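> Have a look at this one before I ask anything.
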Amino acid sequence: MRIGIDIDDTITYTHEVILPMARLYDKKHYNNENKDNDLIGTFTWTDEEKDKFFNNFSLKYSKYLLIKNNANTYINKLYDEGYEIYFITYRKFKNAYRVTKKYLDDNNFKYHKLIVNSGDKGKICSDEHIDIFIDDSISHLDSAYKYNKNIKLLLVDMPYNKNNNIYKRVFNWDDIYNIIHNI
């Protein structure tokens, strides 16, 4: 069975690091009325401005991302049990593959494949024959479902996706591990 796993806010606490840095970086485009504090809704950035932020801060913030409780332990257990682990991330900053691979390797994650600058994650899931896809983004899960109605989708709970009741919500890697074993 192949498991597709997002990185930011799925295996790491990215949101908590990026949002304060982004506020300091660009107070001019900050939208303080965004109650959910999602990065996209908090700033009125063009795609170019967003790319510029991530290119400027990717090396700095990626070093400080904490791993969500037991994410590497459970992912490594799944790997050892014979599941194929595919990390699929939208990261598209300069040297994204090298930086992300180093982070995963330095934190002892076992995996079969790393895909960065994924673009449409649904297409990637389809192309890679992913059976279970885990992400914090509703739009990425929507895309995966569009390509494959049989894919199992798990939504990592975050403040910015609280209003979604379509996908199975997971709160930690213990939940994810148990759900995968019950599929």
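Simple scheme: letters A, B, ... for chains in structure tokens order, numbers from 1 for residues in each chain, numbers from 1 for ligands in the order shown.
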Could you give me, as CSV, a per-residue list for segment 91-171 of chain A showing, wherever an atom lies at most 7 Å from an atom of segment 4-26 of chain A, the closest pair of atoms and their distance in Å to one decimal, using only C-alpha atoms and sorting by chain then residue number from low to high?

```
residue,atom,partner,partner_atom,distance
A:Ile130,CA,A:Gly4,CA,6.0
A:Ile132,CA,A:Gly4,CA,6.1
A:Phe133,CA,A:Gly4,CA,4.6
A:Ile134,CA,A:Ile5,CA,5.0
A:Asp135,CA,A:Asp6,CA,5.1
A:Asp136,CA,A:Thr10,CA,6.0
A:Val156,CA,A:Thr10,CA,6.2
```
> Please identify all polymer residues within 12 Å of Asn70 of chain A, counting only C-alpha atoms, omitting same-chain residues fewer than 6 positions from it, and present them as an mmCIF file with N, CA and C atoms, in the first residue's frame.

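File part13.cif, as written:
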```cif
data_model
loop_
_atom_site.group_PDB
_atom_site.id
_atom_site.type_symbol
_atom_site.label_atom_id
_atom_site.label_comp_id
_atom_site.auth_asym_id
_atom_site.auth_seq_id
_atom_site.Cartn_x
_atom_site.Cartn_y
_atom_site.Cartn_z
ATOM 1 N N THR A 10 1.828 18.800 8.330
ATOM 2 C CA THR A 10 1.386 17.414 8.389
ATOM 3 C C THR A 10 2.372 16.592 9.217
ATOM 4 N N ILE A 11 3.664 16.734 8.942
ATOM 5 C CA ILE A 11 4.664 16.088 9.795
ATOM 6 C C ILE A 11 5.438 17.114 10.616
ATOM 7 N N THR A 12 5.300 18.392 10.267
ATOM 8 C CA THR A 12 6.017 19.442 10.994
ATOM 9 C C THR A 12 5.049 20.512 11.498
ATOM 10 N N ASN A 76 8.139 5.700 10.248
ATOM 11 C CA ASN A 76 9.161 4.651 10.156
ATOM 12 C C ASN A 76 8.580 3.273 10.460
ATOM 13 N N LYS A 77 7.626 3.192 11.389
ATOM 14 C CA LYS A 77 6.954 1.912 11.658
ATOM 15 C C LYS A 77 6.201 1.442 10.417
ATOM 16 N N ASN A 107 16.399 14.027 10.339
ATOM 17 C CA ASN A 107 15.416 13.649 11.359
ATOM 18 C C ASN A 107 15.012 12.182 11.260
ATOM 19 N N ASN A 108 15.826 11.425 10.543
ATOM 20 C CA ASN A 108 15.712 9.963 10.486
ATOM 21 C C ASN A 108 14.380 9.439 9.957
ATOM 22 N N PHE A 109 13.784 10.148 9.008
ATOM 23 C CA PHE A 109 12.579 9.642 8.353
ATOM 24 C C PHE A 109 12.972 8.592 7.320
ATOM 25 N N ASN A 172 -3.448 13.582 15.358
ATOM 26 C CA ASN A 172 -2.054 13.271 15.684
ATOM 27 C C ASN A 172 -1.640 12.011 14.923
ATOM 28 N N TRP A 173 -0.364 11.685 15.021
ATOM 29 C CA TRP A 173 0.147 10.548 14.270
ATOM 30 C C TRP A 173 -0.257 9.210 14.869
ATOM 31 N N ASP A 174 -0.623 9.179 16.118
ATOM 32 C CA ASP A 174 -1.194 7.970 16.712
ATOM 33 C C ASP A 174 -2.520 7.646 16.016
ATOM 34 N N ASP A 175 -3.368 8.676 15.839
ATOM 35 C CA ASP A 175 -4.631 8.522 15.091
ATOM 36 C C ASP A 175 -4.371 7.995 13.685
ATOM 37 N N ILE A 176 -3.447 8.642 12.998
ATOM 38 C CA ILE A 176 -3.157 8.282 11.600
ATOM 39 C C ILE A 176 -2.710 6.833 11.502
ATOM 40 N N TYR A 177 -1.802 6.446 12.356
ATOM 41 C CA TYR A 177 -1.267 5.070 12.351
ATOM 42 C C TYR A 177 -2.401 4.064 12.555
#
```
> Near Ser118 of chain A, within 12 Å and counting only C-alpha atoms, which residues show up once chain neighbours fewer than 2 positions away are dropped, as a PDB file with N, CA and C atoms, in the first residue's frame?

```pdb
ATOM      1  N   GLY A   4       0.829   8.614   0.602  1.00  0.00           N
ATOM      2  CA  GLY A   4       1.322   9.940   0.249  1.00  0.00           C
ATOM      3  C   GLY A   4       1.177  10.849   1.457  1.00  0.00           C
ATOM      4  N   ILE A   5       2.247  11.528   1.800  1.00  0.00           N
ATOM      5  CA  ILE A   5       2.253  12.364   3.001  1.00  0.00           C
ATOM      6  C   ILE A   5       2.792  13.753   2.665  1.00  0.00           C
ATOM      7  N   ASP A   6       1.999  14.755   2.977  1.00  0.00           N
ATOM      8  CA  ASP A   6       2.445  16.145   2.884  1.00  0.00           C
ATOM      9  C   ASP A   6       3.486  16.387   3.978  1.00  0.00           C
ATOM     10  N   ILE A   7       4.225  17.469   3.881  1.00  0.00           N
ATOM     11  CA  ILE A   7       5.244  17.769   4.900  1.00  0.00           C
ATOM     12  C   ILE A   7       4.797  18.896   5.826  1.00  0.00           C
ATOM     13  N   TYR A  86       5.638   7.987   0.431  1.00  0.00           N
ATOM     14  CA  TYR A  86       5.923   9.023  -0.557  1.00  0.00           C
ATOM     15  C   TYR A  86       5.652  10.374   0.083  1.00  0.00           C
ATOM     16  N   PHE A  87       6.681  11.187   0.241  1.00  0.00           N
ATOM     17  CA  PHE A  87       6.470  12.553   0.700  1.00  0.00           C
ATOM     18  C   PHE A  87       6.174  13.403  -0.527  1.00  0.00           C
ATOM     19  N   ILE A  88       5.047  14.121  -0.467  1.00  0.00           N
ATOM     20  CA  ILE A  88       4.591  14.948  -1.583  1.00  0.00           C
ATOM     21  C   ILE A  88       4.371  16.355  -1.039  1.00  0.00           C
ATOM     22  N   THR A  89       5.219  17.276  -1.469  1.00  0.00           N
ATOM     23  CA  THR A  89       5.131  18.632  -0.940  1.00  0.00           C
ATOM     24  C   THR A  89       5.073  19.651  -2.068  1.00  0.00           C
ATOM     25  N   TYR A  90       4.343  20.702  -1.814  1.00  0.00           N
ATOM     26  CA  TYR A  90       4.195  21.788  -2.783  1.00  0.00           C
ATOM     27  C   TYR A  90       5.413  22.708  -2.783  1.00  0.00           C
ATOM     28  N   ARG A  91       6.310  22.517  -1.839  1.00  0.00           N
ATOM     29  CA  ARG A  91       7.489  23.389  -1.724  1.00  0.00           C
ATOM     30  C   ARG A  91       8.142  23.595  -3.081  1.00  0.00           C
ATOM     31  N   LYS A  92       8.337  24.873  -3.418  1.00  0.00           N
ATOM     32  CA  LYS A  92       8.963  25.159  -4.706  1.00  0.00           C
ATOM     33  C   LYS A  92       9.990  26.274  -4.603  1.00  0.00           C
ATOM     34  N   PHE A  93      10.528  26.450  -3.414  1.00  0.00           N
ATOM     35  CA  PHE A  93      11.566  27.459  -3.246  1.00  0.00           C
ATOM     36  C   PHE A  93      12.903  26.935  -3.784  1.00  0.00           C
ATOM     37  N   ALA A  96      14.661  23.406  -2.989  1.00  0.00           N
ATOM     38  CA  ALA A  96      13.641  22.751  -2.165  1.00  0.00           C
ATOM     39  C   ALA A  96      13.916  21.263  -1.985  1.00  0.00           C
ATOM     40  N   TYR A  97      14.319  20.597  -3.053  1.00  0.00           N
ATOM     41  CA  TYR A  97      14.563  19.158  -2.928  1.00  0.00           C
ATOM     42  C   TYR A  97      15.719  18.902  -1.956  1.00  0.00           C
ATOM     43  N   LEU A 114      10.635  11.221  -2.501  1.00  0.00           N
ATOM     44  CA  LEU A 114      10.348  12.608  -2.139  1.00  0.00           C
ATOM     45  C   LEU A 114      10.011  13.360  -3.417  1.00  0.00           C
ATOM     46  N   ILE A 115       8.848  14.005  -3.423  1.00  0.00           N
ATOM     47  CA  ILE A 115       8.412  14.799  -4.567  1.00  0.00           C
ATOM     48  C   ILE A 115       8.204  16.227  -4.075  1.00  0.00           C
ATOM     49  N   VAL A 116       8.981  17.162  -4.628  1.00  0.00           N
ATOM     50  CA  VAL A 116       8.830  18.582  -4.284  1.00  0.00           C
ATOM     51  C   VAL A 116       8.289  19.319  -5.500  1.00  0.00           C
ATOM     52  N   ASP A 120      -0.125  20.101  -8.808  1.00  0.00           N
ATOM     53  CA  ASP A 120      -1.391  19.428  -8.517  1.00  0.00           C
ATOM     54  C   ASP A 120      -1.123  18.100  -7.802  1.00  0.00           C
ATOM     55  N   LYS A 121      -1.344  18.089  -6.483  1.00  0.00           N
ATOM     56  CA  LYS A 121      -1.063  16.882  -5.707  1.00  0.00           C
ATOM     57  C   LYS A 121      -1.987  15.723  -6.079  1.00  0.00           C
ATOM     58  N   GLY A 122      -3.188  16.033  -6.538  1.00  0.00           N
ATOM     59  CA  GLY A 122      -4.094  14.977  -6.975  1.00  0.00           C
ATOM     60  C   GLY A 122      -3.530  14.212  -8.156  1.00  0.00           C
ATOM     61  N   LYS A 123      -2.954  14.936  -9.089  1.00  0.00           N
ATOM     62  CA  LYS A 123      -2.328  14.294 -10.248  1.00  0.00           C
ATOM     63  C   LYS A 123      -1.138  13.450  -9.816  1.00  0.00           C
ATOM     64  N   ILE A 124      -0.341  13.983  -8.897  1.00  0.00           N
ATOM     65  CA  ILE A 124       0.805  13.230  -8.385  1.00  0.00           C
ATOM     66  C   ILE A 124       0.315  11.941  -7.713  1.00  0.00           C
ATOM     67  N   CYS A 125      -0.712  12.050  -6.882  1.00  0.00           N
ATOM     68  CA  CYS A 125      -1.260  10.861  -6.217  1.00  0.00           C
ATOM     69  C   CYS A 125      -1.732   9.839  -7.245  1.00  0.00           C
ATOM     70  N   ASP A 127      -0.694   9.590 -10.487  1.00  0.00           N
ATOM     71  CA  ASP A 127       0.475   9.092 -11.224  1.00  0.00           C
ATOM     72  C   ASP A 127       1.287   8.091 -10.404  1.00  0.00           C
ATOM     73  N   GLU A 128       1.353   8.315  -9.095  1.00  0.00           N
ATOM     74  CA  GLU A 128       2.160   7.449  -8.218  1.00  0.00           C
ATOM     75  C   GLU A 128       1.344   6.312  -7.600  1.00  0.00           C
ATOM     76  N   HIS A 140      -5.929  20.216  -1.645  1.00  0.00           N
ATOM     77  CA  HIS A 140      -5.114  19.091  -2.112  1.00  0.00           C
ATOM     78  C   HIS A 140      -5.877  17.772  -1.982  1.00  0.00           C
TER      79      HIS A 140
END
```
> Counting only C-alpha atoms, which residue out of A:Arg169, A:Lys146, A:Lys63, A:Lys68 sits closest to Asp106 of chain A?
A:Lys63
> Select, from A:Thr100, A:Ile179, A:Ser126, A:Ile138, the residue with the minimum atom-to-atom distance to Asn165 of chain A, counting only C-alpha atoms.
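Among the listed residues, A:Ile138 lies closest to Asn165 of chain A.
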> May I have all residues of chain A that DSSP, computed from the backbone, assigns to strand (DSSP E), given as an MDAnalysis selection string?
chainID A and resid 2:5 84:88 113:115 132:135 152:156 168:170
> Only N, CA, C and O atoms, please: the residues just picked out, written as a compact mmCIF listing (two decimals), in the first residue's frame.

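Once everything was written out, this is selection.txt:
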```
# COMPACT_ATOMS: atom_id res chain seq x y z
N ARG A 2 0.55 2.21 -0.82
CA ARG A 2 1.33 3.44 -0.93
C ARG A 2 0.65 4.58 -0.17
O ARG A 2 -0.54 4.83 -0.36
N ILE A 3 1.45 5.25 0.64
CA ILE A 3 0.94 6.35 1.46
C ILE A 3 1.62 7.64 1.02
O ILE A 3 2.85 7.74 1.04
N GLY A 4 0.83 8.61 0.60
CA GLY A 4 1.32 9.94 0.25
C GLY A 4 1.18 10.85 1.46
O GLY A 4 0.11 10.91 2.07
N ILE A 5 2.25 11.53 1.80
CA ILE A 5 2.25 12.36 3.00
C ILE A 5 2.79 13.75 2.67
O ILE A 5 3.90 13.89 2.14
N GLU A 84 4.68 1.69 1.46
CA GLU A 84 5.55 2.58 0.68
C GLU A 84 5.22 4.02 1.06
O GLU A 84 4.07 4.43 0.99
N ILE A 85 6.25 4.75 1.43
CA ILE A 85 6.08 6.12 1.92
C ILE A 85 6.56 7.10 0.84
O ILE A 85 7.71 7.05 0.41
N TYR A 86 5.64 7.99 0.43
CA TYR A 86 5.92 9.02 -0.56
C TYR A 86 5.65 10.37 0.08
O TYR A 86 4.51 10.67 0.44
N PHE A 87 6.68 11.19 0.24
CA PHE A 87 6.47 12.55 0.70
C PHE A 87 6.17 13.40 -0.53
O PHE A 87 6.93 13.40 -1.50
N ILE A 88 5.05 14.12 -0.47
CA ILE A 88 4.59 14.95 -1.58
C ILE A 88 4.37 16.35 -1.04
O ILE A 88 3.46 16.59 -0.25
N LYS A 113 10.19 7.80 -1.61
CA LYS A 113 10.30 8.84 -2.64
C LYS A 113 9.93 10.19 -2.05
O LYS A 113 9.01 10.30 -1.23
N LEU A 114 10.63 11.22 -2.50
CA LEU A 114 10.35 12.61 -2.14
C LEU A 114 10.01 13.36 -3.42
O LEU A 114 10.80 13.35 -4.37
N ILE A 115 8.85 14.01 -3.42
CA ILE A 115 8.41 14.80 -4.57
C ILE A 115 8.20 16.23 -4.07
O ILE A 115 7.38 16.47 -3.20
N ILE A 132 -3.46 6.03 0.09
CA ILE A 132 -3.85 6.87 1.23
C ILE A 132 -3.07 8.17 1.12
O ILE A 132 -1.86 8.15 0.94
N PHE A 133 -3.79 9.29 1.25
CA PHE A 133 -3.13 10.59 1.16
C PHE A 133 -3.45 11.41 2.40
O PHE A 133 -4.61 11.54 2.79
N ILE A 134 -2.41 11.96 3.03
CA ILE A 134 -2.53 12.70 4.27
C ILE A 134 -2.03 14.13 4.04
O ILE A 134 -0.89 14.33 3.63
N ASP A 135 -2.89 15.12 4.32
CA ASP A 135 -2.53 16.52 4.07
C ASP A 135 -3.38 17.41 4.98
O ASP A 135 -4.45 16.99 5.43
N LYS A 152 -8.09 6.87 -0.07
CA LYS A 152 -8.44 7.19 1.32
C LYS A 152 -7.75 8.51 1.66
O LYS A 152 -6.55 8.67 1.45
N LEU A 153 -8.53 9.46 2.20
CA LEU A 153 -8.02 10.80 2.46
C LEU A 153 -8.12 11.14 3.94
O LEU A 153 -9.18 10.95 4.55
N LEU A 154 -7.03 11.64 4.50
CA LEU A 154 -7.00 12.04 5.90
C LEU A 154 -6.60 13.51 5.99
O LEU A 154 -5.58 13.92 5.45
N LEU A 155 -7.43 14.28 6.68
CA LEU A 155 -7.22 15.73 6.83
C LEU A 155 -6.59 16.00 8.20
O LEU A 155 -7.20 15.73 9.24
N VAL A 156 -5.38 16.52 8.20
CA VAL A 156 -4.70 16.88 9.45
C VAL A 156 -5.35 18.14 10.00
O VAL A 156 -5.45 19.16 9.31
N LYS A 168 -12.03 12.63 6.64
CA LYS A 168 -11.71 12.08 7.96
C LYS A 168 -10.64 12.96 8.59
O LYS A 168 -9.55 13.10 8.06
N ARG A 169 -10.97 13.56 9.72
CA ARG A 169 -10.06 14.47 10.41
C ARG A 169 -9.18 13.67 11.37
O ARG A 169 -9.66 12.82 12.10
N VAL A 170 -7.87 13.96 11.35
CA VAL A 170 -6.93 13.31 12.25
C VAL A 170 -6.23 14.38 13.08
O VAL A 170 -5.99 15.49 12.61
```
